[in-house]
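*Asks:* Got a file for you: input19.cif, mmCIF, C-alpha atoms.
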```cif
data_input
#
loop_
_atom_site.label_atom_id
_atom_site.label_comp_id
_atom_site.auth_asym_id
_atom_site.auth_seq_id
_atom_site.Cartn_x
_atom_site.Cartn_y
_atom_site.Cartn_z
CA PRO A 1 -15.64 88.97 -98.26
CA GLU A 2 -19.22 87.99 -97.51
CA GLY A 3 -19.24 84.42 -98.80
CA PHE A 4 -17.13 81.29 -99.02
CA ASN A 5 -16.30 81.64 -102.72
CA GLU A 6 -15.41 85.32 -102.41
CA PHE A 7 -13.18 84.58 -99.44
CA PHE A 8 -11.29 81.82 -101.25
CA ASN A 9 -10.90 83.91 -104.41
CA GLN A 10 -9.54 86.82 -102.40
CA ARG A 11 -7.04 84.76 -100.44
CA ARG A 12 -6.08 82.86 -103.59
CA ARG A 13 -3.89 85.80 -104.61
CA TRP A 14 -3.09 87.11 -101.15
CA ILE A 15 -1.25 83.99 -99.96
CA PRO A 16 1.36 83.68 -102.75
CA SER A 17 1.80 87.43 -103.08
CA THR A 18 2.31 87.81 -99.33
CA ILE A 19 4.89 85.02 -99.25
CA ALA A 20 6.71 86.53 -102.24
CA ASN A 21 6.75 89.97 -100.58
CA ILE A 22 8.07 88.54 -97.31
CA ILE A 23 10.87 86.69 -99.11
CA ASP A 24 11.77 89.84 -101.02
CA LEU A 25 11.85 91.79 -97.76
CA LEU A 26 14.00 89.25 -95.91
CA LYS A 27 16.50 89.02 -98.76
CA ASP A 28 17.46 92.67 -98.22
CA TYR A 29 16.40 93.17 -94.61
CA LYS A 30 19.62 94.88 -93.52
CA ASN A 31 19.24 97.64 -96.07
CA VAL A 32 15.50 97.93 -95.35
CA VAL A 33 16.10 98.41 -91.62
CA ARG A 34 18.90 100.89 -92.30
CA VAL A 35 16.94 103.21 -94.61
CA ASN A 36 13.52 102.95 -92.90
CA GLU A 37 13.13 104.35 -89.40
CA SER A 38 9.70 102.75 -89.03
CA ILE A 39 11.00 99.21 -89.61
CA SER A 40 12.95 97.57 -86.80
CA ILE A 41 14.64 94.22 -86.42
CA TRP A 42 11.63 93.04 -84.43
CA TYR A 43 9.43 93.56 -87.47
CA ILE A 44 11.87 91.48 -89.51
CA ILE A 45 11.67 88.73 -86.88
CA TYR A 46 7.89 88.89 -87.04
CA GLN A 47 7.95 88.52 -90.83
CA THR A 48 10.36 85.58 -90.50
CA VAL A 49 7.98 83.82 -88.11
CA MET A 50 5.11 84.54 -90.51
CA LEU A 51 7.03 82.96 -93.39
CA ILE A 52 7.95 79.86 -91.38
CA SER A 53 4.39 79.41 -90.11
CA SER A 54 3.00 79.80 -93.63
CA ILE A 55 5.29 77.04 -94.89
CA LEU A 56 4.92 74.64 -91.96
CA GLY A 57 1.27 75.41 -91.19
CA PRO A 58 -0.46 73.06 -93.67
CA GLY A 59 1.67 70.04 -92.72
CA THR A 60 1.38 70.77 -89.01
CA ILE A 61 -2.40 71.05 -89.14
CA PHE A 62 -2.56 67.87 -91.24
CA LEU A 63 -0.63 65.85 -88.64
CA MET A 64 -2.57 67.37 -85.77
CA VAL A 65 -5.90 66.42 -87.35
CA VAL A 66 -4.63 62.89 -88.04
CA GLY A 67 -3.55 62.43 -84.42
CA ALA A 68 -6.72 63.94 -83.01
CA ILE A 69 -8.96 61.70 -85.14
CA SER A 70 -6.96 58.65 -84.08
CA ILE A 71 -7.48 59.50 -80.41
CA SER A 72 -11.11 60.63 -80.73
CA PHE A 73 -12.33 57.54 -82.57
CA ASN A 74 -9.82 55.14 -80.97
CA ILE A 75 -8.57 53.88 -84.34
CA ASP A 76 -5.12 53.12 -85.69
CA THR A 77 -3.07 56.04 -86.94
CA THR A 78 -2.91 54.47 -90.40
CA TRP A 79 -6.67 54.62 -90.75
CA SER A 80 -6.88 58.19 -89.49
CA LEU A 81 -4.12 59.13 -91.94
CA LEU A 82 -6.17 57.59 -94.73
CA ILE A 83 -9.33 59.41 -93.61
CA VAL A 84 -7.59 62.78 -93.81
CA SER A 85 -5.46 62.05 -96.89
CA VAL A 86 -8.27 60.96 -99.21
CA PRO A 87 -10.26 64.24 -99.20
CA VAL A 88 -7.09 66.34 -99.31
CA ALA A 89 -5.64 64.36 -102.22
CA SER A 90 -9.00 64.47 -104.00
CA PHE A 91 -9.11 68.23 -103.59
CA CYS A 92 -5.61 68.50 -105.09
CA VAL A 93 -6.74 66.56 -108.15
CA VAL A 94 -9.90 68.66 -108.51
CA CYS A 95 -7.89 71.89 -108.30
CA LEU A 96 -5.59 70.68 -111.07
CA VAL A 97 -8.20 69.43 -113.55
CA ALA A 98 -11.55 71.11 -112.80
CA LYS A 99 -12.86 74.60 -113.39
CA PRO A 100 -12.70 77.17 -110.56
CA GLU A 101 -16.44 76.86 -109.89
CA LYS A 102 -16.12 73.11 -109.35
CA GLN A 103 -13.03 73.62 -107.20
CA LEU A 104 -14.90 75.99 -104.89
CA LEU A 105 -17.89 73.65 -104.67
CA PHE A 106 -15.65 70.74 -103.74
CA ALA A 107 -13.83 72.96 -101.23
CA GLN A 108 -17.14 73.72 -99.53
CA ILE A 109 -17.96 70.02 -99.27
CA VAL A 110 -14.54 69.08 -97.88
CA SER A 111 -14.60 72.05 -95.49
CA ALA A 112 -17.95 70.90 -94.10
CA LEU A 113 -16.55 67.38 -93.71
CA PHE A 114 -13.51 68.62 -91.81
CA ALA A 115 -15.69 70.89 -89.67
CA MET A 116 -17.62 67.83 -88.50
CA LEU A 117 -14.36 66.01 -87.83
CA MET A 118 -13.09 68.97 -85.82
CA THR A 119 -16.03 68.66 -83.45
CA ALA A 120 -14.70 65.20 -82.63
CA VAL A 121 -11.19 66.64 -82.43
CA ILE A 122 -12.33 68.91 -79.60
CA VAL A 123 -13.33 65.86 -77.59
CA GLY A 124 -10.17 63.99 -78.57
CA THR A 125 -7.93 66.90 -77.61
CA SER A 126 -9.61 67.11 -74.21
CA LEU A 127 -9.01 63.41 -73.65
CA GLN A 128 -5.40 63.77 -74.79
CA ILE A 129 -4.81 66.63 -72.36
CA GLN A 130 -6.29 64.59 -69.53
CA LYS A 131 -4.15 61.58 -70.44
CA ASP A 132 -0.76 63.16 -71.31
CA GLY A 133 -0.91 66.43 -69.41
CA ILE A 134 -0.58 70.02 -70.55
CA LEU A 135 2.86 69.45 -72.13
CA SER A 136 1.63 67.10 -74.86
CA PRO A 137 1.84 68.36 -78.47
CA HIS A 138 -1.94 68.58 -78.75
CA SER A 139 -2.13 70.59 -75.53
CA ILE A 140 0.59 72.99 -76.62
CA PHE A 141 -1.11 73.51 -79.99
CA LEU A 142 -4.53 74.15 -78.45
CA PHE A 143 -3.25 76.50 -75.76
CA SER A 144 -1.08 78.38 -78.25
CA VAL A 145 -4.03 79.05 -80.53
CA MET A 146 -6.28 80.03 -77.64
CA GLY A 147 -3.58 82.18 -76.07
CA SER A 148 -2.90 84.14 -79.25
CA PHE A 149 -6.55 85.06 -79.67
CA ILE A 150 -7.12 85.84 -75.99
CA THR A 151 -4.04 88.08 -75.99
CA ALA A 152 -5.27 89.89 -79.11
CA ALA A 153 -8.69 90.37 -77.50
CA ILE A 154 -7.14 91.83 -74.34
CA LEU A 155 -5.01 94.23 -76.38
CA HIS A 156 -8.11 95.38 -78.30
CA PRO A 157 -10.84 95.73 -75.64
CA LEU A 158 -13.29 97.48 -77.98
CA GLU A 159 -13.34 94.37 -80.19
CA PHE A 160 -13.18 91.89 -77.30
CA THR A 161 -16.57 90.41 -78.17
CA CYS A 162 -15.17 89.23 -81.51
CA ILE A 163 -13.57 86.34 -79.62
CA ILE A 164 -17.01 84.81 -79.01
CA PRO A 165 -17.24 83.13 -82.47
CA GLY A 166 -13.78 81.63 -81.91
CA ILE A 167 -15.24 78.13 -81.96
CA LEU A 168 -16.18 78.69 -85.61
CA TYR A 169 -12.58 79.60 -86.38
CA PHE A 170 -11.45 76.36 -84.73
CA LEU A 171 -13.81 74.35 -86.92
CA ALA A 172 -12.47 76.13 -90.03
CA ILE A 173 -8.78 75.50 -89.26
CA PRO A 174 -8.42 72.62 -91.79
CA SER A 175 -10.10 74.68 -94.49
CA MET A 176 -7.93 77.71 -93.79
CA TYR A 177 -4.56 76.01 -93.35
CA MET A 178 -4.86 72.98 -95.68
CA LEU A 179 -7.42 73.57 -98.41
CA LEU A 180 -6.85 77.28 -98.99
CA PRO A 181 -3.06 76.99 -99.59
CA ILE A 182 -3.69 74.12 -102.02
CA TYR A 183 -6.30 76.18 -103.86
CA SER A 184 -3.99 79.19 -104.10
CA ILE A 185 -1.00 77.19 -105.34
CA CYS A 186 -3.00 75.26 -107.95
CA ASN A 187 -4.47 78.53 -109.28
CA LEU A 188 -1.27 80.54 -109.61
CA ASN A 189 -2.05 80.87 -113.30
CA THR A 190 -5.15 82.93 -112.45
CA VAL A 191 -3.95 86.52 -112.22
CA SER A 192 -7.23 88.17 -111.22
CA TRP A 193 -7.74 89.35 -107.65
CA GLY A 194 -11.16 87.76 -107.28
CA THR A 195 -12.87 90.72 -105.60
CA ARG A 196 -11.40 93.41 -107.85
CA GLU A 197 -12.37 92.11 -111.26
CA ASP A 198 -12.42 94.64 -114.10
CA PRO A 199 -15.73 94.67 -116.00
CA ARG A 200 -15.67 92.86 -119.31
CA PRO A 201 -15.76 94.95 -122.52
CA GLN A 202 -19.35 93.94 -123.25
CA GLU A 203 -20.37 94.85 -119.71
CA LYS A 204 -18.67 98.23 -120.09
CA ASN A 205 -20.61 98.92 -123.30
CA ASP A 206 -23.90 97.83 -121.72
CA LEU A 207 -23.35 100.08 -118.71
CA ALA A 208 -22.42 103.03 -120.89
CA ALA A 209 -25.49 102.48 -123.10
CA LYS A 210 -27.71 102.18 -120.05
CA ARG A 211 -26.29 105.40 -118.67
CA ARG A 212 -26.96 107.26 -121.94
CA LYS A 213 -30.46 105.78 -122.22
CA THR A 214 -31.50 106.92 -118.75
CA HIS A 215 -29.82 110.30 -119.02
CA HIS A 216 -33.06 112.28 -119.38
CA MET A 217 -34.80 110.20 -116.71
CA ASP A 218 -31.97 110.97 -114.31
CA PHE A 219 -32.48 114.63 -115.07
CA MET A 220 -36.17 114.44 -114.20
CA GLU A 221 -35.51 112.46 -110.99
CA LYS A 222 -32.55 114.49 -109.75
CA GLY A 223 -33.87 117.91 -110.69
CA GLY A 224 -31.42 118.59 -113.47
CA GLU A 225 -28.37 119.10 -111.29
CA GLY A 226 -25.83 119.61 -114.01
CA GLU A 227 -26.30 116.35 -115.93
CA VAL A 228 -27.99 117.94 -118.98
CA ASP A 229 -27.87 121.30 -120.67
CA GLY A 230 -30.18 123.21 -122.99
CA ASP A 231 -29.86 125.53 -125.94
CA TRP A 232 -32.08 128.04 -124.16
CA SER A 233 -32.76 128.41 -120.44
CA LEU A 234 -34.80 130.63 -118.15
CA GLY A 235 -34.38 130.66 -114.39
CA CYS A 236 -35.23 132.50 -111.21
CA GLY A 237 -32.06 132.41 -109.18
CA SER A 238 -31.63 129.04 -107.55
CA ALA A 239 -35.36 128.50 -107.03
CA CYS A 240 -36.21 127.09 -110.45
CA ARG A 241 -34.86 126.72 -113.96
CA LEU A 242 -36.50 126.03 -117.33
CA LEU A 243 -34.51 124.36 -120.10
CA CYS A 244 -35.53 124.01 -123.73
CA CYS A 245 -34.02 121.73 -126.39
CA LEU A 246 -32.32 119.45 -123.88
CA LYS A 247 -28.97 117.90 -124.74
CA PRO A 248 -26.37 116.02 -122.70
CA ASP A 249 -23.91 118.18 -120.84
CA LYS A 250 -20.52 118.03 -122.53
CA MET A 251 -18.70 117.37 -119.28
CA GLU A 252 -21.13 114.74 -117.99
CA SER A 253 -21.24 112.87 -121.31
CA SER A 254 -17.48 112.86 -121.82
CA PRO A 255 -15.80 109.44 -122.12
CA GLN A 256 -13.88 110.08 -118.91
CA VAL A 257 -17.03 110.70 -116.86
CA VAL A 258 -18.80 107.72 -118.45
CA MET A 259 -15.83 105.51 -117.57
CA ILE A 260 -15.94 106.77 -113.96
CA GLY A 261 -19.59 105.76 -113.86
CA VAL A 262 -18.73 102.33 -115.22
CA ILE A 263 -16.06 101.88 -112.56
CA ASP A 264 -18.48 102.96 -109.83
CA MET A 265 -21.04 100.44 -111.05
CA SER A 266 -18.44 97.67 -111.09
CA LEU A 267 -17.46 98.36 -107.48
CA ILE A 268 -21.00 98.03 -106.15
#
```
Would you write the structure of this file as structure tokens?
*Replies:*
Amino acid sequence: PEGFNEFFNQRRRWIPSTIANIIDLLKDYKNVVRVNESISIWYIIYQTVMLISSILGPGTIFLMVVGAISISFNIDTTWSLLIVSVPVASFCVVCLVAKPEKQLLFAQIVSALFAMLMTAVIVGTSLQIQKDGILSPHSIFLFSVMGSFITAAILHPLEFTCIIPGILYFLAIPSMYMLLPIYSICNLNTVSWGTREDPRPQEKNDLAAKRRKTHHMDFMEKGGEGEVDGDWSLGCGSACRLLCCLKPDKMESSPQVVMIGVIDMSLI
């Protein structure tokens, strides 16, 4: 995905489908491990941790942001809870009543708001570590996140430089772990995959008509490489060829080939 909307639409289906697949796997994990040599009990443990983190992640991030805001701005926990709850609750309402375009626009606004709050969280977390030590919940959370990415970077030295924009990932944690799950759950009724949309019937007809209309132009531009045929032809080996009474090649103009062209156009 190259943009915010495309990313949210893609993960909208990935999150519930991944959770459903993990649950289906864990329900019959003994048989899966027994009949698949490539799947070990350690993989099952990994999937179990993934499922637990997916369920507990949004609530954990919510409480961490509340605590960090309370420390950073030196305000009561009740007020920091209200500051975080209002945009999250508003986003839930928007996802339930508004159109997808409005939902994504509101998600961008709330994500930018939380990104600004996370800059203050960085300062608050540093103060919390200095005050309570490295065994405080905020310290453990921060070091766990940093450790997982540093370990992954060490294990993949060719992509080690990808850790540089890690600060951007930290700023996007509320959007990823709070807003995105809400968006995916509220849009379970949308069955499209977001980035793999099938072209609409009218679009298919327009593409097919455009392909037929430019058939002879394609022949002139591409040198007549098999896209048209003629009732009478004269050639000199592979050097040149003269066609008279041009007509579409039966193979190239078949519905199957036209549909392949439509699919190729839709994937661009």
*Asks:* Would you kindly translate the PyMOL selection byres ((chain A and resi 92-107) around 9) into the concrete residues it picks from this file, as a tab-separated table (two decimals) with C-alpha atoms, in the coordinates of the input?
*Replies:*
```tsv
chain	number	residue	atom	x	y	z
A	4	PHE	CA	-17.13	81.29	-99.02
A	5	ASN	CA	-16.30	81.64	-102.72
A	8	PHE	CA	-11.29	81.82	-101.25
A	9	ASN	CA	-10.90	83.91	-104.41
A	87	PRO	CA	-10.26	64.24	-99.20
A	88	VAL	CA	-7.09	66.34	-99.31
A	89	ALA	CA	-5.64	64.36	-102.22
A	90	SER	CA	-9.00	64.47	-104.00
A	91	PHE	CA	-9.11	68.23	-103.59
A	108	GLN	CA	-17.14	73.72	-99.53
A	109	ILE	CA	-17.96	70.02	-99.27
A	110	VAL	CA	-14.54	69.08	-97.88
A	111	SER	CA	-14.60	72.05	-95.49
A	112	ALA	CA	-17.95	70.90	-94.10
A	175	SER	CA	-10.10	74.68	-94.49
A	179	LEU	CA	-7.42	73.57	-98.41
A	180	LEU	CA	-6.85	77.28	-98.99
A	182	ILE	CA	-3.69	74.12	-102.02
A	183	TYR	CA	-6.30	76.18	-103.86
A	186	CYS	CA	-3.00	75.26	-107.95
A	187	ASN	CA	-4.47	78.53	-109.28
```
*Asks:* Which distance in Å separates atom CA of A:Ser139 and atom CA of A:Leu127, to one decimal?
*Replies:* 10.1 Å
*Asks:* Using all atoms of stretch 38-43 of chain A listed in the file and a margin of 3 Å per side, can you give the axis-aligned box centre and edge lengths in Å to one decimal, as lines of an AutoDock Vina configuration file?
*Replies:*
```
center_x = 12.0
center_y = 97.9
center_z = -87.0
size_x = 11.2
size_y = 15.7
size_z = 11.2
```
*Asks:* One decimal, in Å: what's the spacing between atom CA of A:Pro181 and atom CA of A:Tyr43?
*Replies:*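 If I compute the distance from atom CA of A:Pro181 to atom CA of A:Tyr43, I get 24.0 Å.
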*Asks:* Closest to A:Ser53 among A:Ile19, A:Ser40, A:Phe170, A:Asp76, using only C-alpha atoms?
*Replies:*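 Between A:Ile19, A:Ser40, A:Phe170, A:Asp76, the residue approaching A:Ser53 most closely is A:Ile19.
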*Asks:* Can you pull out the residues contacting stretch 140-157 of chain A? Cut-off 10 Å, using only C-alpha atoms, and skip same-chain residues under 3 positions away; I want them as a list in words.
*Replies:*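 Neighbouring residues, sequence-local ones excluded: Thr60, Ile61, Met64, Ile122, Thr125, Ser126, Ile129, Gly133, Ile134, Leu135, Ser136, Pro137, Phe160, Thr161, Cys162, Ile163, Gly166 and Phe170 of chain A.
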*Asks:* Between atom CA of A:Met178 and atom CA of A:Phe114, what is the distance in Å, rounded to a tenth?
*Replies:* 10.4 Å
*Asks:* From the list A:Ala68, A:Ile22, A:Leu63, A:Ile83, which residue is nearest A:Met118 when using all atoms listed in the file?
*Replies:*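 Checking each of A:Ala68, A:Ile22, A:Leu63, A:Ile83 against A:Met118, counting all atoms listed in the file, the winner is A:Ala68.
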